[in-house]
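Asks: protein_13.cif is the file, holding mmCIF, C-alpha atoms:
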```
data_coords
loop_
_atom_site.label_atom_id
_atom_site.label_comp_id
_atom_site.auth_asym_id
_atom_site.auth_seq_id
_atom_site.Cartn_x
_atom_site.Cartn_y
_atom_site.Cartn_z
CA VAL A 1 0.00 0.00 0.00
CA LEU A 2 2.70 2.46 0.96
CA GLY A 3 5.38 3.46 -1.49
CA ARG A 4 8.85 2.08 -1.06
CA LEU A 5 10.72 5.29 -0.56
CA TYR A 6 13.90 3.51 0.37
CA GLU A 7 13.49 0.51 -1.82
CA ASP A 8 17.10 -0.57 -2.09
CA GLU A 9 17.41 -0.59 1.67
CA VAL A 10 17.07 -4.00 3.27
CA CYS A 11 16.66 -2.41 6.66
CA SER A 12 13.95 -2.40 9.28
CA ALA A 13 14.60 1.24 10.16
CA ALA A 14 13.91 2.12 6.51
CA ARG A 15 10.68 0.10 6.59
CA ALA A 16 9.64 1.92 9.78
CA LEU A 17 10.38 5.29 8.19
CA GLU A 18 8.24 4.36 5.19
CA ALA A 19 5.33 4.01 7.61
CA VAL A 20 6.00 6.97 9.90
CA GLY A 21 8.77 9.06 8.34
CA GLU A 22 6.69 11.74 6.67
CA ARG A 23 6.30 15.19 8.13
CA TRP A 24 3.81 15.27 11.04
CA SER A 25 3.48 11.49 11.20
CA LEU A 26 5.16 10.90 14.54
CA ILE A 27 3.66 14.06 16.04
CA ILE A 28 0.17 12.82 15.18
CA ILE A 29 0.99 9.40 16.62
CA ARG A 30 2.44 10.99 19.75
CA ASN A 31 -0.86 12.82 20.37
CA ALA A 32 -2.87 9.64 19.91
CA MET A 33 -0.47 7.75 22.17
CA PHE A 34 -0.03 10.14 25.06
CA ALA A 35 -2.92 12.61 24.86
CA GLY A 36 -5.51 10.02 23.85
CA THR A 37 -6.60 12.01 20.80
CA THR A 38 -8.97 10.07 18.52
CA ARG A 39 -11.00 12.65 16.57
CA PHE A 40 -9.93 14.29 13.34
CA THR A 41 -10.98 17.72 14.60
CA ASP A 42 -9.05 17.26 17.85
CA PHE A 43 -5.86 16.30 16.01
CA GLN A 44 -6.37 19.26 13.74
CA ARG A 45 -7.01 21.73 16.53
CA SER A 46 -4.32 20.55 18.91
CA LEU A 47 -1.60 20.41 16.25
CA GLY A 48 -2.53 23.16 13.82
CA VAL A 49 -1.62 20.81 10.95
CA ALA A 50 -3.27 21.47 7.57
CA SER A 51 -6.35 19.28 7.26
CA ASN A 52 -5.36 17.86 3.86
CA VAL A 53 -2.02 16.72 5.32
CA LEU A 54 -3.74 15.29 8.39
CA ALA A 55 -6.26 13.38 6.26
CA LYS A 56 -3.48 11.94 4.11
CA ARG A 57 -1.49 10.82 7.13
CA LEU A 58 -4.44 9.26 8.91
CA ASP A 59 -5.49 7.41 5.73
CA SER A 60 -1.99 6.02 5.33
CA PHE A 61 -1.87 5.00 9.00
CA VAL A 62 -5.12 3.08 8.61
CA ALA A 63 -3.82 1.45 5.43
CA ALA A 64 -0.63 0.46 7.23
CA GLY A 65 -2.53 -0.94 10.20
CA LEU A 66 -1.26 1.62 12.73
CA PHE A 67 -4.72 3.01 13.43
CA GLU A 68 -8.19 1.66 12.98
CA LEU A 69 -11.24 3.72 12.27
CA ARG A 70 -14.14 2.60 14.45
CA PRO A 71 -17.15 4.15 16.15
CA SER A 72 -16.43 5.76 19.47
CA LEU A 73 -18.48 4.27 22.30
CA ALA A 74 -19.13 7.78 23.58
CA THR A 75 -20.31 9.51 20.41
CA GLY A 76 -21.03 6.76 17.87
CA HIS A 77 -18.91 8.62 15.32
CA ALA A 78 -15.96 6.98 13.62
CA GLU A 79 -12.70 7.94 15.35
CA TYR A 80 -9.06 6.95 15.00
CA PHE A 81 -7.70 4.45 17.50
CA LEU A 82 -4.13 3.19 17.65
CA THR A 83 -3.72 -0.54 17.07
CA PRO A 84 -1.09 -2.61 18.91
CA LYS A 85 1.18 -2.02 15.88
CA GLY A 86 0.78 1.74 16.31
CA LEU A 87 1.13 1.69 20.09
CA ASP A 88 4.34 -0.27 19.68
CA LEU A 89 5.95 2.92 18.32
CA LYS A 90 6.15 4.24 21.88
CA PRO A 91 9.91 3.60 22.19
CA VAL A 92 10.48 5.54 18.95
CA VAL A 93 8.67 8.58 20.34
CA ILE A 94 10.47 8.28 23.67
CA ALA A 95 13.87 7.94 21.96
CA LEU A 96 13.23 11.14 19.96
CA THR A 97 12.05 12.91 23.12
CA GLU A 98 15.11 11.90 25.11
CA TRP A 99 17.43 13.13 22.37
CA GLY A 100 15.52 16.42 22.18
CA ASP A 101 15.67 16.74 25.97
CA ARG A 102 19.45 16.37 25.89
CA TRP A 103 20.17 18.58 22.91
CA ALA A 104 17.26 20.93 22.25
CA ALA A 105 15.51 21.71 25.53
CA PRO A 106 17.32 24.65 27.17
CA ASP A 107 14.49 25.05 29.72
CA GLY A 108 14.43 21.41 30.73
CA PRO A 109 12.20 18.55 29.56
CA PRO A 110 8.69 19.75 28.72
CA VAL A 111 7.39 16.18 28.92
CA THR A 112 8.50 13.27 31.06
CA TYR A 113 7.39 9.67 30.75
CA GLU A 114 6.22 7.78 33.75
CA HIS A 115 5.34 4.30 34.83
CA GLU A 116 1.63 4.38 35.59
CA ASP A 117 1.89 1.84 38.40
CA CYS A 118 4.46 3.62 40.57
CA HIS A 119 4.74 7.11 38.95
CA GLY A 120 8.46 6.58 38.51
CA ARG A 121 10.22 8.20 35.59
CA VAL A 122 10.72 5.92 32.58
CA GLU A 123 13.88 6.04 30.49
CA LEU A 124 15.12 4.05 27.52
CA ARG A 125 18.19 1.92 28.02
CA MET A 126 20.33 -0.04 25.60
CA ARG A 127 20.65 -3.41 27.24
CA CYS A 128 23.08 -6.16 26.24
CA THR A 129 21.22 -9.46 26.42
CA ARG A 130 24.45 -11.41 26.95
CA CYS A 131 26.35 -9.54 29.68
CA ASP A 132 23.26 -7.74 31.03
CA GLN A 133 25.00 -4.37 31.05
CA ASP A 134 23.87 -1.08 29.50
CA PRO A 135 26.65 -0.39 26.98
CA PRO A 136 27.46 3.21 26.02
CA ALA A 137 26.34 4.12 22.48
CA ALA A 138 29.91 4.06 21.19
CA LYS A 139 30.12 0.35 22.04
CA VAL A 140 27.02 -0.64 20.07
CA GLY A 141 27.61 -1.79 16.51
CA ALA A 142 25.47 -3.29 13.75
CA ARG A 143 25.77 -6.73 12.23
CA VAL A 144 24.13 -7.20 8.83
CA ALA A 145 22.76 -10.68 8.05
CA GLN A 146 24.31 -12.28 4.96
CA TRP A 147 20.91 -12.70 3.27
CA ALA A 148 20.33 -8.97 3.64
CA ILE A 149 23.67 -8.15 1.99
CA ASP A 150 22.84 -10.52 -0.89
CA ARG A 151 19.40 -9.02 -1.30
CA LYS A 152 20.67 -5.47 -1.31
CA ASN A 153 23.15 -6.37 -4.04
CA ALA A 154 20.38 -8.03 -6.05
CA ASN A 155 18.15 -4.95 -5.62
CA ARG A 156 20.93 -2.71 -6.86
CA GLN A 157 21.62 -4.85 -9.92
CA ARG A 158 17.94 -5.04 -10.78
CA GLY A 159 17.63 -1.27 -10.40
CA GLY A 160 20.79 -0.32 -12.32
CA VAL B 1 19.19 27.80 11.82
CA LEU B 2 16.60 25.16 11.05
CA GLY B 3 13.00 26.10 10.42
CA ARG B 4 10.47 25.45 13.14
CA LEU B 5 8.21 23.03 11.35
CA TYR B 6 6.28 22.28 14.47
CA GLU B 7 6.52 25.65 16.07
CA ASP B 8 3.52 25.46 18.37
CA GLU B 9 4.78 22.22 19.83
CA VAL B 10 6.64 22.55 23.12
CA CYS B 11 7.98 19.04 22.76
CA SER B 12 11.41 17.53 22.56
CA ALA B 13 10.27 14.92 20.04
CA ALA B 14 9.14 17.75 17.77
CA ARG B 15 12.52 19.45 18.18
CA ALA B 16 14.27 16.19 17.31
CA LEU B 17 12.10 15.75 14.22
CA GLU B 18 12.97 19.26 13.10
CA ALA B 19 16.61 18.15 13.04
CA VAL B 20 16.21 14.65 11.60
CA GLY B 21 12.59 14.26 10.43
CA GLU B 22 13.05 14.95 6.73
CA ARG B 23 13.08 12.18 4.16
CA TRP B 24 16.43 10.33 4.08
CA SER B 25 17.78 12.06 7.19
CA LEU B 26 17.83 9.09 9.54
CA ILE B 27 18.94 6.73 6.77
CA ILE B 28 21.97 8.95 6.08
CA ILE B 29 22.71 9.13 9.80
CA ARG B 30 22.33 5.37 10.15
CA ASN B 31 24.98 4.84 7.45
CA ALA B 32 27.38 7.22 9.15
CA MET B 33 26.69 5.60 12.51
CA PHE B 34 26.89 1.92 11.68
CA ALA B 35 28.69 1.67 8.33
CA GLY B 36 31.21 4.41 9.11
CA THR B 37 30.40 6.33 5.94
CA THR B 38 32.05 9.77 5.83
CA ARG B 39 32.35 10.72 2.14
CA PHE B 40 29.66 12.42 0.08
CA THR B 41 30.21 10.01 -2.82
CA ASP B 42 29.97 6.99 -0.52
CA PHE B 43 26.68 8.17 0.97
CA GLN B 44 25.43 8.82 -2.54
CA ARG B 45 26.49 5.46 -3.93
CA SER B 46 25.42 3.31 -1.00
CA LEU B 47 21.99 4.92 -0.68
CA GLY B 48 21.09 5.92 -4.22
CA VAL B 49 19.74 9.21 -2.85
CA ALA B 50 19.62 12.17 -5.25
CA SER B 51 22.74 14.26 -4.77
CA ASN B 52 20.85 17.54 -4.34
CA VAL B 53 18.83 16.00 -1.51
CA LEU B 54 21.95 14.52 0.04
CA ALA B 55 23.77 17.86 -0.11
CA LYS B 56 20.82 19.63 1.50
CA ARG B 57 20.60 17.10 4.31
CA LEU B 58 24.33 17.10 5.05
CA ASP B 59 24.41 20.91 5.06
CA SER B 60 21.54 20.99 7.54
CA PHE B 61 23.21 18.36 9.72
CA VAL B 62 26.40 20.43 9.86
CA ALA B 63 24.35 23.55 10.68
CA ALA B 64 22.56 21.66 13.45
CA GLY B 65 25.82 20.31 14.88
CA LEU B 66 25.10 16.65 14.11
CA PHE B 67 28.03 16.30 11.75
CA GLU B 68 31.23 18.22 11.32
CA LEU B 69 33.07 18.62 8.08
CA ARG B 70 36.79 18.06 8.59
CA PRO B 71 39.73 16.70 6.61
CA SER B 72 40.07 12.93 6.69
CA LEU B 73 43.41 11.80 8.08
CA ALA B 74 43.61 9.25 5.28
CA THR B 75 42.86 11.42 2.26
CA GLY B 76 43.16 15.02 3.39
CA HIS B 77 39.78 15.75 1.81
CA ALA B 78 36.91 17.16 3.84
CA GLU B 79 34.54 14.43 4.98
CA TYR B 80 31.47 14.24 7.21
CA PHE B 81 31.94 12.97 10.74
CA LEU B 82 29.21 12.50 13.31
CA THR B 83 29.58 14.63 16.42
CA PRO B 84 28.57 13.38 19.88
CA LYS B 85 25.19 15.07 19.28
CA GLY B 86 24.75 13.05 16.08
CA LEU B 87 25.99 9.79 17.58
CA ASP B 88 23.53 10.24 20.40
CA LEU B 89 20.74 9.46 17.91
CA LYS B 90 21.69 5.78 18.12
CA PRO B 91 18.69 4.86 20.30
CA VAL B 92 16.36 6.52 17.77
CA VAL B 93 17.74 4.39 14.94
CA ILE B 94 17.60 1.26 17.09
CA ALA B 95 14.02 1.99 18.18
CA LEU B 96 12.94 2.32 14.54
CA THR B 97 14.80 -0.87 13.64
CA GLU B 98 13.20 -2.86 16.43
CA TRP B 99 9.73 -1.73 15.40
CA GLY B 100 10.47 -2.62 11.76
CA ASP B 101 11.81 -6.01 12.87
CA ARG B 102 8.58 -6.73 14.72
CA TRP B 103 6.15 -5.46 12.11
CA ALA B 104 7.82 -5.27 8.70
CA ALA B 105 10.51 -7.93 8.46
CA PRO B 106 8.84 -11.17 7.28
CA ASP B 107 12.25 -12.77 6.65
CA GLY B 108 13.66 -11.90 10.07
CA PRO B 109 15.84 -9.00 11.18
CA PRO B 110 18.27 -7.96 8.43
CA VAL B 111 20.42 -6.10 10.98
CA THR B 112 21.06 -6.81 14.63
CA TYR B 113 22.83 -4.57 17.10
CA GLU B 114 25.58 -5.91 19.26
CA HIS B 115 27.70 -4.95 22.21
CA GLU B 116 31.22 -4.68 20.87
CA ASP B 117 32.80 -5.91 24.10
CA CYS B 118 30.99 -9.26 24.39
CA HIS B 119 29.18 -9.59 21.02
CA GLY B 120 25.86 -9.95 22.82
CA ARG B 121 22.72 -8.70 21.17
CA VAL B 122 21.64 -5.21 22.27
CA GLU B 123 17.97 -4.32 22.74
CA LEU B 124 16.19 -1.19 23.90
CA ARG B 125 14.26 -1.41 27.13
CA MET B 126 11.91 1.02 28.82
CA ARG B 127 13.15 1.14 32.38
CA CYS B 128 11.34 2.65 35.34
CA THR B 129 13.89 4.53 37.42
CA ARG B 130 11.78 4.17 40.57
CA CYS B 131 10.76 0.50 40.74
CA ASP B 132 13.55 -0.70 38.41
CA GLN B 133 11.16 -2.74 36.29
CA ASP B 134 10.66 -2.70 32.50
CA PRO B 135 7.01 -1.62 32.19
CA PRO B 136 4.98 -2.70 29.15
CA ALA B 137 4.29 0.13 26.70
CA ALA B 138 0.64 0.34 27.78
CA LYS B 139 1.77 1.31 31.29
CA VAL B 140 3.94 4.24 30.17
CA GLY B 141 2.26 7.64 30.15
CA ALA B 142 3.39 11.21 29.57
CA ARG B 143 3.39 14.04 32.07
CA VAL B 144 3.56 17.56 30.63
CA ALA B 145 5.32 20.20 32.72
CA GLN B 146 3.13 23.18 33.63
CA TRP B 147 5.53 25.68 32.04
CA ALA B 148 5.22 23.76 28.76
CA ILE B 149 1.41 23.91 28.87
CA ASP B 150 1.58 27.66 29.54
CA ARG B 151 4.03 28.19 26.73
CA LYS B 152 2.00 26.21 24.23
CA ASN B 153 -1.05 28.29 25.06
CA ALA B 154 0.99 31.47 24.64
CA ASN B 155 2.32 30.22 21.27
CA ARG B 156 -1.21 29.52 20.07
CA GLN B 157 -2.47 32.94 21.12
CA ARG B 158 0.43 34.67 19.47
CA GLY B 159 -0.10 32.65 16.28
CA GLY B 160 -3.90 32.88 16.13
#
```
As structure tokens - that is how I would like this structure written.
Replies:
Amino acid sequence: VLGRLYEDEVCSAARALEAVGERWSLIIIRNAMFAGTTRFTDFQRSLGVASNVLAKRLDSFVAAGLFELRPSLATGHAEYFLTPKGLDLKPVVIALTEWGDRWAAPDGPPVTYEHEDCHGRVELRMRCTRCDQDPPAAKVGARVAQWAIDRKNANRQRGG
Amino acid sequence: VLGRLYEDEVCSAARALEAVGERWSLIIIRNAMFAGTTRFTDFQRSLGVASNVLAKRLDSFVAAGLFELRPSLATGHAEYFLTPKGLDLKPVVIALTEWGDRWAAPDGPPVTYEHEDCHGRVELRMRCTRCDQDPPAAKVGARVAQWAIDRKNANRQRGG
């Protein structure tokens, strides 16, 4: 359904960005996720995004299975609800927030994330599943599977 | 230096997306981060991105302090090196990858992240700093600071 913007890329980050990498996408999802927004007019009003852009994004989210359009129990009108696939983007939004807090929030974090059971602050950690430590970013590397290297080469040959 | 695409938003995720939310941005950064790419021509060749887009992105990254342009020790030519601010986006790239692995990688993860000291697999966790547990996404909420609410209201009044 969605275009393959990064079609040569055999990469899950590229696939994720095809779903949520357009302008406004993650901001709309953030509002659904943390402010509980479900109505077109509420997204529009709270964000000030142009309604044609908002409609395009919400349509693509429904097509990609990130949201479903179903009647609200309260009003009976169709509203946009995040699916488990959409809700699972929470770490992406938190990762962006934490980076912005460190590098672009001179007045301190405008938003903090908290564990609803104990009201403790929630942070993302990189955790090594072998040694159980939290390695610093400089110690985290990528390993590309051989099948992915082969497929990327095949994609490039087909394209060129 | 960068435009305020999401200017009403008092939100660190919005600030992060202003720096890295354009098409190709995080893919370029991923290649610098995990493939060690530093040369314009290598970014261009490995990604197949249009060179005018690539030039625009790299210029904006330098302006935003994510990359610096300095002579390579090997060649003497100016090349693009991630700064600590740019490298600190690693959790963002990993969060996107993990989501793509779960929802858009029918053949399994093409790339895995590993701890360079022990070669263990690295994963992101949401960690509660109070109870020291990893809460499920559904139990993680957002708390907006009062000053941020006040400022957003002021931004809206000024704009409207």
Asks: Apply the PyMOL selection byres ((chain A) within 6 of (chain B)) to the displayed file and report the matching residues as number ranges by chain.
Replies: A: 12-13, 15-16, 34, 91-92, 95-97, 100-101, 110-116, 120-130, 139-145, 148
Asks: Check which residues satisfy the PyMOL selection byres ((chain B and resi 67) around 8) in the file shown, then give them as a list in words.
Replies: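 Selection result, ordered by chain and number: Leu58, Phe61, Val62, Ala64, Gly65, Leu66, Glu68, Leu69, Tyr80, Phe81, Leu82, Thr83 and Gly86 of chain B.
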Asks: State, in Å with one decimal place, the distance from CA of Glu79 (chain A) to CA of Lys56 (chain A).
Replies: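 CA of Glu79 (chain A) sits 15.1 Å away from CA of Lys56 (chain A).
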Asks: Please superimpose chain A upon chain B, fitting all C-alpha atoms matched one to one in order, and report the result as an mmCIF file with C-alpha atoms, keeping the file's coordinate frame.
Replies:
```cif
data_model
loop_
_atom_site.group_PDB
_atom_site.id
_atom_site.type_symbol
_atom_site.label_atom_id
_atom_site.label_comp_id
_atom_site.auth_asym_id
_atom_site.auth_seq_id
_atom_site.Cartn_x
_atom_site.Cartn_y
_atom_site.Cartn_z
ATOM 1 C CA VAL A 1 19.183 27.830 11.597
ATOM 2 C CA LEU A 2 16.581 25.168 10.962
ATOM 3 C CA GLY A 3 12.974 26.076 10.372
ATOM 4 C CA ARG A 4 10.470 25.469 13.110
ATOM 5 C CA LEU A 5 8.212 23.056 11.342
ATOM 6 C CA TYR A 6 6.271 22.290 14.471
ATOM 7 C CA GLU A 7 6.504 25.656 16.078
ATOM 8 C CA ASP A 8 3.514 25.464 18.378
ATOM 9 C CA GLU A 9 4.791 22.220 19.821
ATOM 10 C CA VAL A 10 6.624 22.562 23.112
ATOM 11 C CA CYS A 11 7.963 19.058 22.772
ATOM 12 C CA SER A 12 11.407 17.539 22.556
ATOM 13 C CA ALA A 13 10.261 14.916 20.055
ATOM 14 C CA ALA A 14 9.140 17.760 17.769
ATOM 15 C CA ARG A 15 12.519 19.474 18.174
ATOM 16 C CA ALA A 16 14.269 16.193 17.313
ATOM 17 C CA LEU A 17 12.100 15.758 14.224
ATOM 18 C CA GLU A 18 12.981 19.278 13.094
ATOM 19 C CA ALA A 19 16.610 18.149 13.030
ATOM 20 C CA VAL A 20 16.200 14.651 11.599
ATOM 21 C CA GLY A 21 12.599 14.272 10.434
ATOM 22 C CA GLU A 22 13.042 14.955 6.741
ATOM 23 C CA ARG A 23 13.093 12.199 4.174
ATOM 24 C CA TRP A 24 16.445 10.346 4.089
ATOM 25 C CA SER A 25 17.773 12.075 7.199
ATOM 26 C CA LEU A 26 17.826 9.102 9.540
ATOM 27 C CA ILE A 27 18.940 6.734 6.775
ATOM 28 C CA ILE A 28 21.959 8.941 6.092
ATOM 29 C CA ILE A 29 22.714 9.125 9.812
ATOM 30 C CA ARG A 30 22.320 5.362 10.146
ATOM 31 C CA ASN A 31 24.990 4.826 7.461
ATOM 32 C CA ALA A 32 27.379 7.228 9.160
ATOM 33 C CA MET A 33 26.694 5.593 12.521
ATOM 34 C CA PHE A 34 26.879 1.915 11.683
ATOM 35 C CA ALA A 35 28.688 1.665 8.343
ATOM 36 C CA GLY A 36 31.207 4.403 9.116
ATOM 37 C CA THR A 37 30.396 6.321 5.936
ATOM 38 C CA THR A 38 32.034 9.768 5.813
ATOM 39 C CA ARG A 39 32.344 10.722 2.128
ATOM 40 C CA PHE A 40 29.660 12.401 0.068
ATOM 41 C CA THR A 41 30.212 9.993 -2.822
ATOM 42 C CA ASP A 42 29.976 6.970 -0.519
ATOM 43 C CA PHE A 43 26.678 8.154 0.965
ATOM 44 C CA GLN A 44 25.429 8.809 -2.526
ATOM 45 C CA ARG A 45 26.497 5.456 -3.909
ATOM 46 C CA SER A 46 25.425 3.311 -0.987
ATOM 47 C CA LEU A 47 21.990 4.922 -0.671
ATOM 48 C CA GLY A 48 21.098 5.918 -4.212
ATOM 49 C CA VAL A 49 19.730 9.212 -2.847
ATOM 50 C CA ALA A 50 19.616 12.178 -5.249
ATOM 51 C CA SER A 51 22.748 14.263 -4.772
ATOM 52 C CA ASN A 52 20.853 17.546 -4.342
ATOM 53 C CA VAL A 53 18.824 15.991 -1.504
ATOM 54 C CA LEU A 54 21.957 14.516 0.057
ATOM 55 C CA ALA A 55 23.779 17.861 -0.102
ATOM 56 C CA LYS A 56 20.836 19.638 1.512
ATOM 57 C CA ARG A 57 20.623 17.104 4.317
ATOM 58 C CA LEU A 58 24.336 17.095 5.037
ATOM 59 C CA ASP A 59 24.427 20.919 5.069
ATOM 60 C CA SER A 60 21.559 21.011 7.541
ATOM 61 C CA PHE A 61 23.223 18.362 9.718
ATOM 62 C CA VAL A 62 26.401 20.431 9.869
ATOM 63 C CA ALA A 63 24.379 23.548 10.680
ATOM 64 C CA ALA A 64 22.582 21.674 13.447
ATOM 65 C CA GLY A 65 25.824 20.315 14.874
ATOM 66 C CA LEU A 66 25.091 16.648 14.109
ATOM 67 C CA PHE A 67 28.047 16.293 11.757
ATOM 68 C CA GLU A 68 31.246 18.201 11.316
ATOM 69 C CA LEU A 69 33.091 18.615 8.080
ATOM 70 C CA ARG A 70 36.811 18.049 8.587
ATOM 71 C CA PRO A 71 39.742 16.659 6.631
ATOM 72 C CA SER A 72 40.060 12.914 6.714
ATOM 73 C CA LEU A 73 43.399 11.754 8.107
ATOM 74 C CA ALA A 74 43.588 9.189 5.320
ATOM 75 C CA THR A 75 42.873 11.354 2.281
ATOM 76 C CA GLY A 76 43.170 14.977 3.429
ATOM 77 C CA HIS A 77 39.789 15.708 1.849
ATOM 78 C CA ALA A 78 36.934 17.156 3.857
ATOM 79 C CA GLU A 79 34.545 14.406 4.983
ATOM 80 C CA TYR A 80 31.472 14.230 7.193
ATOM 81 C CA PHE A 81 31.953 12.947 10.724
ATOM 82 C CA LEU A 82 29.216 12.495 13.305
ATOM 83 C CA THR A 83 29.581 14.635 16.421
ATOM 84 C CA PRO A 84 28.569 13.379 19.883
ATOM 85 C CA LYS A 85 25.188 15.075 19.271
ATOM 86 C CA GLY A 86 24.745 13.045 16.082
ATOM 87 C CA LEU A 87 26.003 9.788 17.574
ATOM 88 C CA ASP A 88 23.532 10.231 20.404
ATOM 89 C CA LEU A 89 20.743 9.463 17.904
ATOM 90 C CA LYS A 90 21.689 5.786 18.101
ATOM 91 C CA PRO A 91 18.692 4.858 20.293
ATOM 92 C CA VAL A 92 16.364 6.533 17.771
ATOM 93 C CA VAL A 93 17.734 4.395 14.942
ATOM 94 C CA ILE A 94 17.603 1.263 17.084
ATOM 95 C CA ALA A 95 14.015 1.991 18.177
ATOM 96 C CA LEU A 96 12.929 2.338 14.523
ATOM 97 C CA THR A 97 14.802 -0.858 13.636
ATOM 98 C CA GLU A 98 13.202 -2.850 16.432
ATOM 99 C CA TRP A 99 9.731 -1.713 15.401
ATOM 100 C CA GLY A 100 10.476 -2.610 11.775
ATOM 101 C CA ASP A 101 11.818 -5.998 12.875
ATOM 102 C CA ARG A 102 8.574 -6.728 14.712
ATOM 103 C CA TRP A 103 6.151 -5.439 12.113
ATOM 104 C CA ALA A 104 7.821 -5.239 8.707
ATOM 105 C CA ALA A 105 10.496 -7.924 8.463
ATOM 106 C CA PRO A 106 8.828 -11.157 7.292
ATOM 107 C CA ASP A 107 12.247 -12.770 6.673
ATOM 108 C CA GLY A 108 13.652 -11.894 10.069
ATOM 109 C CA PRO A 109 15.860 -8.987 11.163
ATOM 110 C CA PRO A 110 18.276 -7.940 8.419
ATOM 111 C CA VAL A 111 20.416 -6.094 10.966
ATOM 112 C CA THR A 112 21.073 -6.816 14.617
ATOM 113 C CA TYR A 113 22.844 -4.575 17.092
ATOM 114 C CA GLU A 114 25.586 -5.916 19.243
ATOM 115 C CA HIS A 115 27.696 -4.963 22.191
ATOM 116 C CA GLU A 116 31.232 -4.688 20.862
ATOM 117 C CA ASP A 117 32.813 -5.931 24.083
ATOM 118 C CA CYS A 118 30.996 -9.262 24.386
ATOM 119 C CA HIS A 119 29.187 -9.609 20.996
ATOM 120 C CA GLY A 120 25.889 -9.945 22.819
ATOM 121 C CA ARG A 121 22.734 -8.696 21.166
ATOM 122 C CA VAL A 122 21.649 -5.211 22.256
ATOM 123 C CA GLU A 123 17.996 -4.316 22.730
ATOM 124 C CA LEU A 124 16.205 -1.192 23.893
ATOM 125 C CA ARG A 125 14.274 -1.402 27.124
ATOM 126 C CA MET A 126 11.914 1.013 28.821
ATOM 127 C CA ARG A 127 13.176 1.132 32.362
ATOM 128 C CA CYS A 128 11.349 2.645 35.335
ATOM 129 C CA THR A 129 13.900 4.525 37.419
ATOM 130 C CA ARG A 130 11.795 4.164 40.574
ATOM 131 C CA CYS A 131 10.771 0.491 40.719
ATOM 132 C CA ASP A 132 13.564 -0.700 38.397
ATOM 133 C CA GLN A 133 11.181 -2.751 36.275
ATOM 134 C CA ASP A 134 10.686 -2.700 32.499
ATOM 135 C CA PRO A 135 7.042 -1.613 32.188
ATOM 136 C CA PRO A 136 5.012 -2.705 29.151
ATOM 137 C CA ALA A 137 4.305 0.142 26.701
ATOM 138 C CA ALA A 138 0.668 0.341 27.772
ATOM 139 C CA LYS A 139 1.789 1.315 31.282
ATOM 140 C CA VAL A 140 3.948 4.241 30.164
ATOM 141 C CA GLY A 141 2.267 7.636 30.148
ATOM 142 C CA ALA A 142 3.393 11.221 29.581
ATOM 143 C CA ARG A 143 3.393 14.046 32.082
ATOM 144 C CA VAL A 144 3.554 17.559 30.631
ATOM 145 C CA ALA A 145 5.329 20.207 32.736
ATOM 146 C CA GLN A 146 3.118 23.169 33.655
ATOM 147 C CA TRP A 147 5.507 25.668 32.030
ATOM 148 C CA ALA A 148 5.205 23.750 28.772
ATOM 149 C CA ILE A 149 1.394 23.897 28.882
ATOM 150 C CA ASP A 150 1.550 27.657 29.546
ATOM 151 C CA ARG A 151 4.004 28.182 26.726
ATOM 152 C CA LYS A 152 1.974 26.193 24.249
ATOM 153 C CA ASN A 153 -1.084 28.283 25.084
ATOM 154 C CA ALA A 154 0.942 31.473 24.653
ATOM 155 C CA ASN A 155 2.276 30.234 21.286
ATOM 156 C CA ARG A 156 -1.242 29.511 20.109
ATOM 157 C CA GLN A 157 -2.550 32.924 21.142
ATOM 158 C CA ARG A 158 0.365 34.685 19.494
ATOM 159 C CA GLY A 159 -0.179 32.670 16.317
ATOM 160 C CA GLY A 160 -3.976 33.031 16.149
#
```
Asks: Separation of CA of Ile29 (chain B) and CA of Leu54 (chain B), in Å?
Replies: 11.2 Å
